[in-house]
$ cat run-v4.pdb   # PDB, C-alpha atoms
ATOM      1  CA  MET A   1      80.203 107.237  89.303
ATOM      2  CA  THR A   2      83.663 108.751  89.589
ATOM      3  CA  LEU A   3      86.949 106.852  89.617
ATOM      4  CA  ARG A   4      87.386 107.628  93.303
ATOM      5  CA  GLU A   5      83.886 106.431  94.192
ATOM      6  CA  ARG A   6      84.397 103.243  92.198
ATOM      7  CA  ALA A   7      87.722 102.622  93.937
ATOM      8  CA  LEU A   8      85.997 102.834  97.317
ATOM      9  CA  GLU A   9      83.235 100.502  96.115
ATOM     10  CA  LEU A  10      85.849  97.951  95.070
ATOM     11  CA  LEU A  11      87.768  98.367  98.329
ATOM     12  CA  LEU A  12      84.646  97.399 100.287
ATOM     13  CA  LEU A  13      84.179  94.100  98.409
ATOM     14  CA  THR A  14      84.819  91.057 100.590
ATOM     15  CA  ASP A  15      85.003  88.419  97.851
ATOM     16  CA  ALA A  16      88.685  88.227  96.874
ATOM     17  CA  ASP A  17      88.105  86.815  93.394
ATOM     18  CA  ARG A  18      85.426  89.378  92.588
ATOM     19  CA  LYS A  19      87.577  92.226  93.932
ATOM     20  CA  ALA A  20      90.486  91.171  91.721
ATOM     21  CA  ARG A  21      88.316  90.644  88.654
ATOM     22  CA  GLU A  22      86.467  93.956  88.937
ATOM     23  CA  THR A  23      89.584  95.911  89.866
ATOM     24  CA  GLN A  24      91.250  94.674  86.697
ATOM     25  CA  ALA A  25      88.328  96.245  84.835
ATOM     26  CA  LEU A  26      88.632  99.586  86.683
ATOM     27  CA  ALA A  27      88.099 102.083  83.871
ATOM     28  CA  HIS A  28      90.758 104.738  83.356
ATOM     29  CA  TYR A  29      88.296 107.047  81.595
ATOM     30  CA  LEU A  30      85.944 107.581  84.556
ATOM     31  CA  PRO A  31      85.709 111.180  85.795
ATOM     32  CA  ILE A  32      87.804 111.757  88.904
ATOM     33  CA  ASP A  33      86.369 114.676  90.919
ATOM     34  CA  ALA A  34      89.608 115.242  92.803
ATOM     35  CA  ALA A  35      88.062 117.987  94.938
ATOM     36  CA  ALA A  36      85.431 115.729  96.533
ATOM     37  CA  VAL A  37      85.973 114.878 100.194
ATOM     38  CA  ILE A  38      84.543 111.384 100.693
ATOM     39  CA  ALA A  39      83.528 110.233 104.156
ATOM     40  CA  GLU A  40      84.967 106.896 105.190
ATOM     41  CA  PRO A  41      82.257 104.230 105.490
ATOM     42  CA  ALA A  42      82.314 101.216 107.772
ATOM     43  CA  GLY A  43      83.952  98.074 106.449
ATOM     44  CA  VAL A  44      87.215  99.469 105.060
ATOM     45  CA  PRO A  45      88.863  97.379 103.778
ATOM     46  CA  GLY A  46      86.609  94.589 102.627
ATOM     47  CA  HIS A  47      88.281  91.312 103.529
ATOM     48  CA  PRO A  48      87.141  87.709 103.005
ATOM     49  CA  ALA A  49      86.443  85.492 106.020
ATOM     50  CA  ARG A  50      89.562  83.533 105.105
ATOM     51  CA  PRO A  51      92.508  83.736 105.438
ATOM     52  CA  VAL A  52      92.470  84.088 109.199
ATOM     53  CA  LEU A  53      94.621  87.089 110.154
ATOM     54  CA  VAL A  54      97.175  86.593 112.925
ATOM     55  CA  PRO A  55     100.263  88.519 114.133
ATOM     56  CA  HIS A  56     103.182  87.841 111.819
ATOM     57  CA  THR A  57     105.091  86.283 114.747
ATOM     58  CA  GLN A  58     102.506  83.485 114.842
ATOM     59  CA  LEU A  59     102.995  82.457 111.221
ATOM     60  CA  ARG A  60     104.723  79.115 110.859
ATOM     61  CA  ARG A  61     105.618  77.824 107.422
ATOM     62  CA  GLY A  62     106.641  74.236 106.875
ATOM     63  CA  SER A  63     109.645  72.976 104.964
ATOM     64  CA  LEU A  64     109.783  74.059 101.344
ATOM     65  CA  ALA A  65     110.555  70.434 100.550
ATOM     66  CA  THR A  66     106.895  69.615 101.241
ATOM     67  CA  ARG A  67     103.870  70.462  99.104
ATOM     68  CA  GLU A  68     102.311  72.307 102.050
ATOM     69  CA  GLY A  69     105.445  74.391 102.649
ATOM     70  CA  HIS A  70     105.676  75.242  98.957
ATOM     71  CA  ALA A  71     102.000  76.233  98.930
ATOM     72  CA  ALA A  72     102.387  78.327 102.082
ATOM     73  CA  LEU A  73     105.118  80.368 100.381
ATOM     74  CA  LEU A  74     102.954  80.964  97.314
ATOM     75  CA  HIS A  75     100.008  81.824  99.566
ATOM     76  CA  ALA A  76     102.084  84.445 101.372
ATOM     77  CA  VAL A  77     102.824  86.136  98.045
ATOM     78  CA  ALA A  78      99.172  85.933  96.989
ATOM     79  CA  HIS A  79      98.174  87.588 100.263
ATOM     80  CA  ILE A  80     100.670  90.403  99.741
ATOM     81  CA  GLU A  81      99.214  91.011  96.289
ATOM     82  CA  PHE A  82      95.646  90.977  97.635
ATOM     83  CA  ASN A  83      96.626  93.576 100.219
ATOM     84  CA  ALA A  84      98.340  95.595  97.513
ATOM     85  CA  ILE A  85      95.019  95.827  95.647
ATOM     86  CA  ASN A  86      93.497  97.375  98.769
ATOM     87  CA  LEU A  87      96.442  99.732  99.262
ATOM     88  CA  ALA A  88      96.159 101.097  95.725
ATOM     89  CA  LEU A  89      92.373 101.480  95.893
ATOM     90  CA  ASP A  90      92.662 103.286  99.231
ATOM     91  CA  ALA A  91      95.197 105.724  97.779
ATOM     92  CA  ILE A  92      92.642 106.658  95.107
ATOM     93  CA  TRP A  93      89.524 107.368  97.124
ATOM     94  CA  ARG A  94      90.960 108.688 100.387
ATOM     95  CA  PHE A  95      93.068 111.665  99.388
ATOM     96  CA  ALA A  96      91.417 114.686  97.774
ATOM     97  CA  GLY A  97      92.879 117.655  95.944
ATOM     98  CA  LEU A  98      95.644 115.981  93.949
ATOM     99  CA  PRO A  99      96.366 116.093  90.194
ATOM    100  CA  ASP A 100      94.338 113.782  87.982
ATOM    101  CA  ASP A 101      97.515 111.893  87.067
ATOM    102  CA  TYR A 102      97.901 110.831  90.703
ATOM    103  CA  TYR A 103      94.568 108.995  90.669
ATOM    104  CA  ARG A 104      95.155 107.449  87.249
ATOM    105  CA  ASP A 105      98.600 106.246  88.339
ATOM    106  CA  TRP A 106      97.144 104.436  91.337
ATOM    107  CA  ALA A 107      94.331 102.989  89.233
ATOM    108  CA  GLN A 108      97.021 101.450  87.018
ATOM    109  CA  VAL A 109      98.739 100.060  90.113
ATOM    110  CA  ALA A 110      95.454  98.585  91.376
ATOM    111  CA  ARG A 111      94.824  96.836  88.048
ATOM    112  CA  GLU A 112      98.309  95.342  87.991
ATOM    113  CA  GLU A 113      98.121  94.196  91.617
ATOM    114  CA  ALA A 114      94.849  92.439  90.808
ATOM    115  CA  TYR A 115      96.565  90.668  87.914
ATOM    116  CA  HIS A 116      99.427  89.591  90.190
ATOM    117  CA  PHE A 117      96.969  88.183  92.720
ATOM    118  CA  GLN A 118      95.179  86.209  90.025
ATOM    119  CA  LEU A 119      98.456  84.789  88.695
ATOM    120  CA  MET A 120      99.581  83.597  92.114
ATOM    121  CA  ARG A 121      96.119  82.360  93.136
ATOM    122  CA  ASP A 122      95.899  80.243  89.979
ATOM    123  CA  HIS A 123      99.408  78.878  90.478
ATOM    124  CA  LEU A 124      98.571  78.029  94.085
ATOM    125  CA  ALA A 125      95.600  76.026  92.795
ATOM    126  CA  THR A 126      97.935  73.740  90.844
ATOM    127  CA  LEU A 127      99.203  72.494  94.229
ATOM    128  CA  GLY A 128      95.666  71.815  95.391
ATOM    129  CA  PHE A 129      95.280  74.901  97.609
ATOM    130  CA  GLY A 130      93.265  78.108  97.453
ATOM    131  CA  TYR A 131      93.640  81.621  98.764
ATOM    132  CA  GLY A 132      92.564  81.510 102.385
ATOM    133  CA  ASP A 133      93.840  78.012 103.132
ATOM    134  CA  PHE A 134      96.700  79.365 105.276
ATOM    135  CA  PRO A 135      96.721  82.061 107.981
ATOM    136  CA  ALA A 136      98.182  85.452 107.066
ATOM    137  CA  HIS A 137      99.079  88.777 108.682
ATOM    138  CA  ASP A 138      97.842  92.314 108.039
ATOM    139  CA  ALA A 139     101.000  94.351 108.667
ATOM    140  CA  LEU A 140     100.691  96.069 105.291
ATOM    141  CA  TRP A 141      97.218  97.349 106.044
ATOM    142  CA  ARG A 142      98.204  98.543 109.524
ATOM    143  CA  MET A 143     100.676 100.983 107.968
ATOM    144  CA  THR A 144      97.896 102.120 105.638
ATOM    145  CA  GLU A 145      95.784 102.946 108.697
ATOM    146  CA  ARG A 146      98.642 104.826 110.373
ATOM    147  CA  THR A 147      99.095 107.054 107.330
ATOM    148  CA  ALA A 148      95.399 107.617 106.585
ATOM    149  CA  GLY A 149      95.570 111.275 107.578
ATOM    150  CA  ASP A 150      98.733 112.221 105.678
ATOM    151  CA  VAL A 151      99.204 111.548 101.975
ATOM    152  CA  VAL A 152     102.894 112.474 102.209
ATOM    153  CA  ALA A 153     103.415 109.782 104.850
ATOM    154  CA  ARG A 154     101.373 107.322 102.783
ATOM    155  CA  MET A 155     103.587 107.784  99.729
ATOM    156  CA  ALA A 156     106.744 107.635 101.855
ATOM    157  CA  LEU A 157     105.954 104.571 103.909
ATOM    158  CA  VAL A 158     103.775 102.304 101.779
ATOM    159  CA  PRO A 159     105.163 102.245  98.213
ATOM    160  CA  ARG A 160     108.635 103.595  99.054
ATOM    161  CA  THR A 161     109.142 101.436 102.164
ATOM    162  CA  LEU A 162     106.876  98.398 102.412
ATOM    163  CA  GLU A 163     106.459  97.724  98.707
ATOM    164  CA  ALA A 164     110.127  98.479  98.053
ATOM    165  CA  ARG A 165     110.960  95.608 100.397
ATOM    166  CA  GLY A 166     109.342  93.377  97.801
ATOM    167  CA  LEU A 167     112.010  94.450  95.315
ATOM    168  CA  ASP A 168     114.639  93.133  97.720
ATOM    169  CA  ALA A 169     112.751  89.934  98.532
ATOM    170  CA  SER A 170     112.046  88.827  94.957
ATOM    171  CA  PRO A 171     115.494  87.483  93.928
ATOM    172  CA  PRO A 172     115.961  85.295  97.054
ATOM    173  CA  MET A 173     112.411  84.001  96.716
ATOM    174  CA  GLN A 174     112.961  83.226  93.045
ATOM    175  CA  ALA A 175     116.092  81.315  94.009
ATOM    176  CA  LYS A 176     114.085  79.211  96.460
ATOM    177  CA  LEU A 177     111.440  78.386  93.865
ATOM    178  CA  ARG A 178     114.079  77.681  91.248
ATOM    179  CA  GLY A 179     115.713  75.221  93.618
ATOM    180  CA  MET A 180     112.362  73.464  93.982
ATOM    181  CA  GLY A 181     111.904  73.249  90.221
ATOM    182  CA  ASP A 182     108.972  75.697  90.263
ATOM    183  CA  THR A 183     109.697  77.443  86.968
ATOM    184  CA  ARG A 184     106.159  78.856  86.746
ATOM    185  CA  GLY A 185     106.501  80.464  90.174
ATOM    186  CA  VAL A 186     109.828  82.005  89.155
ATOM    187  CA  ALA A 187     108.234  83.436  86.002
ATOM    188  CA  ILE A 188     105.317  84.921  87.952
ATOM    189  CA  LEU A 189     107.694  86.585  90.401
ATOM    190  CA  GLU A 190     109.583  88.061  87.442
ATOM    191  CA  ILE A 191     106.337  89.659  86.211
ATOM    192  CA  ILE A 192     105.598  90.941  89.706
ATOM    193  CA  LEU A 193     109.113  92.369  90.109
ATOM    194  CA  ARG A 194     108.909  94.147  86.751
ATOM    195  CA  ASP A 195     105.606  95.788  87.635
ATOM    196  CA  GLU A 196     106.543  96.542  91.237
ATOM    197  CA  ILE A 197     109.516  98.593  90.055
ATOM    198  CA  GLY A 198     106.952 100.785  88.323
ATOM    199  CA  HIS A 199     104.731 100.923  91.404
ATOM    200  CA  VAL A 200     107.580 102.025  93.653
ATOM    201  CA  ALA A 201     108.551 104.583  90.997
ATOM    202  CA  ILE A 202     105.018 106.001  91.180
ATOM    203  CA  GLY A 203     105.380 106.271  94.960
ATOM    204  CA  ASN A 204     108.704 108.024  94.553
ATOM    205  CA  ARG A 205     107.280 110.411  91.978
ATOM    206  CA  TRP A 206     104.360 111.490  94.106
ATOM    207  CA  TYR A 207     106.307 111.603  97.367
ATOM    208  CA  ARG A 208     108.785 114.024  95.829
ATOM    209  CA  TRP A 209     106.013 116.067  94.205
ATOM    210  CA  LEU A 210     104.218 116.374  97.532
ATOM    211  CA  CYS A 211     107.425 117.319  99.360
ATOM    212  CA  GLU A 212     108.174 119.993  96.769
ATOM    213  CA  ARG A 213     104.650 121.366  97.090
ATOM    214  CA  ALA A 214     105.013 121.562 100.879
ATOM    215  CA  GLY A 215     108.590 122.889 100.834
ATOM    216  CA  LEU A 216     109.985 119.758 102.494
ATOM    217  CA  ASP A 217     113.337 118.079 101.947
ATOM    218  CA  PRO A 218     112.446 114.542 100.793
ATOM    219  CA  VAL A 219     115.386 112.793 102.450
ATOM    220  CA  ALA A 220     115.176 114.614 105.794
ATOM    221  CA  HIS A 221     111.377 114.339 105.944
ATOM    222  CA  TYR A 222     111.489 110.621 105.188
ATOM    223  CA  ALA A 223     113.552 110.106 108.350
ATOM    224  CA  VAL A 224     110.985 112.100 110.335
ATOM    225  CA  LEU A 225     108.079 110.066 108.958
ATOM    226  CA  THR A 226     109.857 106.764 109.591
ATOM    227  CA  GLU A 227     110.221 107.649 113.270
ATOM    228  CA  ARG A 228     106.763 109.176 113.620
ATOM    229  CA  HIS A 229     104.940 106.146 112.200
ATOM    230  CA  GLU A 230     107.345 103.474 113.489
ATOM    231  CA  ALA A 231     108.003 102.177 109.997
ATOM    232  CA  PRO A 232     110.155  99.068 109.623
ATOM    233  CA  ARG A 233     113.750  99.666 108.651
ATOM    234  CA  PRO A 234     114.764  97.932 105.420
ATOM    235  CA  GLN A 235     117.243  95.120 105.980
ATOM    236  CA  PRO A 236     119.860  93.823 103.528
ATOM    237  CA  PRO A 237     120.384  92.310 101.072
ATOM    238  CA  PHE A 238     119.068  95.138  98.883
ATOM    239  CA  ASN A 239     118.111  94.877  95.235
ATOM    240  CA  VAL A 240     120.046  98.008  94.368
ATOM    241  CA  ASP A 241     119.476  97.762  90.608
ATOM    242  CA  ALA A 242     115.696  97.474  91.040
ATOM    243  CA  ARG A 243     115.634 100.307  93.567
ATOM    244  CA  ARG A 244     117.638 102.491  91.199
ATOM    245  CA  GLN A 245     115.205 101.724  88.366
ATOM    246  CA  ALA A 246     112.353 102.650  90.745
ATOM    247  CA  GLY A 247     113.812 106.117  91.200
ATOM    248  CA  PHE A 248     115.777 105.990  94.427
ATOM    249  CA  THR A 249     118.619 108.496  94.261
ATOM    250  CA  ALA A 250     122.295 107.737  94.813
ATOM    251  CA  ASP A 251     122.077 109.569  98.147
ATOM    252  CA  GLU A 252     119.078 107.496  99.262
ATOM    253  CA  LEU A 253     120.772 104.244  98.261
ATOM    254  CA  ALA A 254     123.957 105.228 100.100
ATOM    255  CA  ARG A 255     121.961 105.989 103.260
ATOM    256  CA  LEU A 256     120.134 102.682 102.900
ATOM    257  CA  ARG A 257     123.367 100.711 102.688
ATOM    258  CA  ALA A 258     124.899 102.682 105.565
TER     259      ALA A 258
END
$ encode --input "run-v4.pdb" --output "structure tokens"
Amino acid sequence: MTLRERALELLLLTDADRKARETQALAHYLPIDAAAVIAEPAGVPGHPARPVLVPHTQLRRGSLATREGHAALLHAVAHIEFNAINLALDAIWRFAGLPDDYYRDWAQVAREEAYHFQLMRDHLATLGFGYGDFPAHDALWRMTERTAGDVVARMALVPRTLEARGLDASPPMQAKLRGMGDTRGVAILEIILRDEIGHVAIGNRWYRWLCERAGLDPVAHYAVLTERHEAPRPQPPFNVDARRQAGFTADELARLRA
């Protein structure tokens, strides 16, 4: 089995715990077969029966002063990390004809996202809740579907846009947990932030490589892709230091703040 075939096999799993556990063991030494064009099977992505998926406008979280509200916040992060496993696995199997380093980079991302999910799932359990106990939304996966036919758009709008929003959201969320006395939650978010800087950097690297290969201007083409795929516009406050570490240029940061 190749790395790309194994990634698709993992993507189809519907048991969240098994998906995380086996993705963490995704072997970097598997052959890749970058040239293979793999037909998409039914059931992509594999998703457990719970959590129930609803439009994000229907999500209602209680007061963070309550155990349920605290757990709902942790659950939301766990769900983002579960979706991030699927996003990374999809980036491996779906797109053919790229350098081997591309596939190995996204295998590393998938392993780290699985670790993040496990950390947050286990922390959620200390409050007496499990993954699936609260409703969630699938906005992250919808952008994955929109960019399924264009790897340049995928790199632009998933890691560089949606996942980069996580860089901005981490400090305010850490402040909330710190105010609640949840030091373990703060520490987990610090691990996630550290790794997510690397994940966004991988997206930046491959977006620019793909633009160079196609003779596209990365900044101008990003604006085109944002409009074409109706991507959300990042809103302040921005974690400028984290974005800079992730490889956003001074020009990109200036446009973001403007």
$ atom_distance --input "run-v4.pdb" --atom1 "atom CA of A:Asn204" --atom2 "atom CA of A:Asp168"
16.3 Å
$ atom_distance --input "run-v4.pdb" --atom1 "atom CA of A:His116" --atom2 "atom CA of A:Ala201"
17.6 Å
$ resolve_selection --input "run-v4.pdb" --expression "the PyMOL selection byres ((chain A and resi 40-56) around 10)" --output "MDAnalysis selection string"
chainID A and resid 8:17 19 37:39 57:60 75 79 82:83 86:87 89:90 93:94 130:139 141 145
$ resolve_selection --input "run-v4.pdb" --expression "the PyMOL selection byres ((chain A and resi 232) around 12)" --output "list in words"
Ala139, Leu140, Arg142, Met143, Leu157, Val158, Arg160, Thr161, Leu162, Glu163, Ala164, Arg165, Ala223, Leu225, Thr226, Glu227, Arg228, His229, Glu230, Ala231, Arg233, Pro234 and Gln235 of chain A
$ write_last_selection --input "run-v4.pdb" --atoms "C-alpha atoms" --output "PDB file, keeping the file's coordinate frame"
ATOM      1  CA  ALA A 139     101.000  94.351 108.667  1.00  0.00           C
ATOM      2  CA  LEU A 140     100.691  96.069 105.291  1.00  0.00           C
ATOM      3  CA  ARG A 142      98.204  98.543 109.524  1.00  0.00           C
ATOM      4  CA  MET A 143     100.676 100.983 107.968  1.00  0.00           C
ATOM      5  CA  LEU A 157     105.954 104.571 103.909  1.00  0.00           C
ATOM      6  CA  VAL A 158     103.775 102.304 101.779  1.00  0.00           C
ATOM      7  CA  ARG A 160     108.635 103.595  99.054  1.00  0.00           C
ATOM      8  CA  THR A 161     109.142 101.436 102.164  1.00  0.00           C
ATOM      9  CA  LEU A 162     106.876  98.398 102.412  1.00  0.00           C
ATOM     10  CA  GLU A 163     106.459  97.724  98.707  1.00  0.00           C
ATOM     11  CA  ALA A 164     110.127  98.479  98.053  1.00  0.00           C
ATOM     12  CA  ARG A 165     110.960  95.608 100.397  1.00  0.00           C
ATOM     13  CA  ALA A 223     113.552 110.106 108.350  1.00  0.00           C
ATOM     14  CA  LEU A 225     108.079 110.066 108.958  1.00  0.00           C
ATOM     15  CA  THR A 226     109.857 106.764 109.591  1.00  0.00           C
ATOM     16  CA  GLU A 227     110.221 107.649 113.270  1.00  0.00           C
ATOM     17  CA  ARG A 228     106.763 109.176 113.620  1.00  0.00           C
ATOM     18  CA  HIS A 229     104.940 106.146 112.200  1.00  0.00           C
ATOM     19  CA  GLU A 230     107.345 103.474 113.489  1.00  0.00           C
ATOM     20  CA  ALA A 231     108.003 102.177 109.997  1.00  0.00           C
ATOM     21  CA  ARG A 233     113.750  99.666 108.651  1.00  0.00           C
ATOM     22  CA  PRO A 234     114.764  97.932 105.420  1.00  0.00           C
ATOM     23  CA  GLN A 235     117.243  95.120 105.980  1.00  0.00           C
TER      24      GLN A 235
END
$ atom_distance --input "run-v4.pdb" --atom1 "atom CA of A:Ala25" --atom2 "atom CA of A:Val151"
25.4 Å
$ resolve_selection --input "run-v4.pdb" --expression "the PyMOL selection byres ((chain A and resi 28-32) around 8)" --output "list in words"
Met1, Thr2, Leu3, Arg4, Leu26, Ala27, Asp33, Ala34, Asp100, Tyr103, Arg104, Ala107 and Gln108 of chain A
$ write_last_selection --input "run-v4.pdb" --atoms "C-alpha atoms" --output "compact mmCIF listing (two decimals), keeping the file's coordinate frame"
# COMPACT_ATOMS: atom_id res chain seq x y z
CA MET A 1 80.20 107.24 89.30
CA THR A 2 83.66 108.75 89.59
CA LEU A 3 86.95 106.85 89.62
CA ARG A 4 87.39 107.63 93.30
CA LEU A 26 88.63 99.59 86.68
CA ALA A 27 88.10 102.08 83.87
CA ASP A 33 86.37 114.68 90.92
CA ALA A 34 89.61 115.24 92.80
CA ASP A 100 94.34 113.78 87.98
CA TYR A 103 94.57 109.00 90.67
CA ARG A 104 95.16 107.45 87.25
CA ALA A 107 94.33 102.99 89.23
CA GLN A 108 97.02 101.45 87.02
$ closest_residue --input "run-v4.pdb" --among "A:Arg18, A:Asn239, A:Gly128, A:Pro218" --to "A:Asp251" --atoms "all atoms listed in the file"
A:Pro218
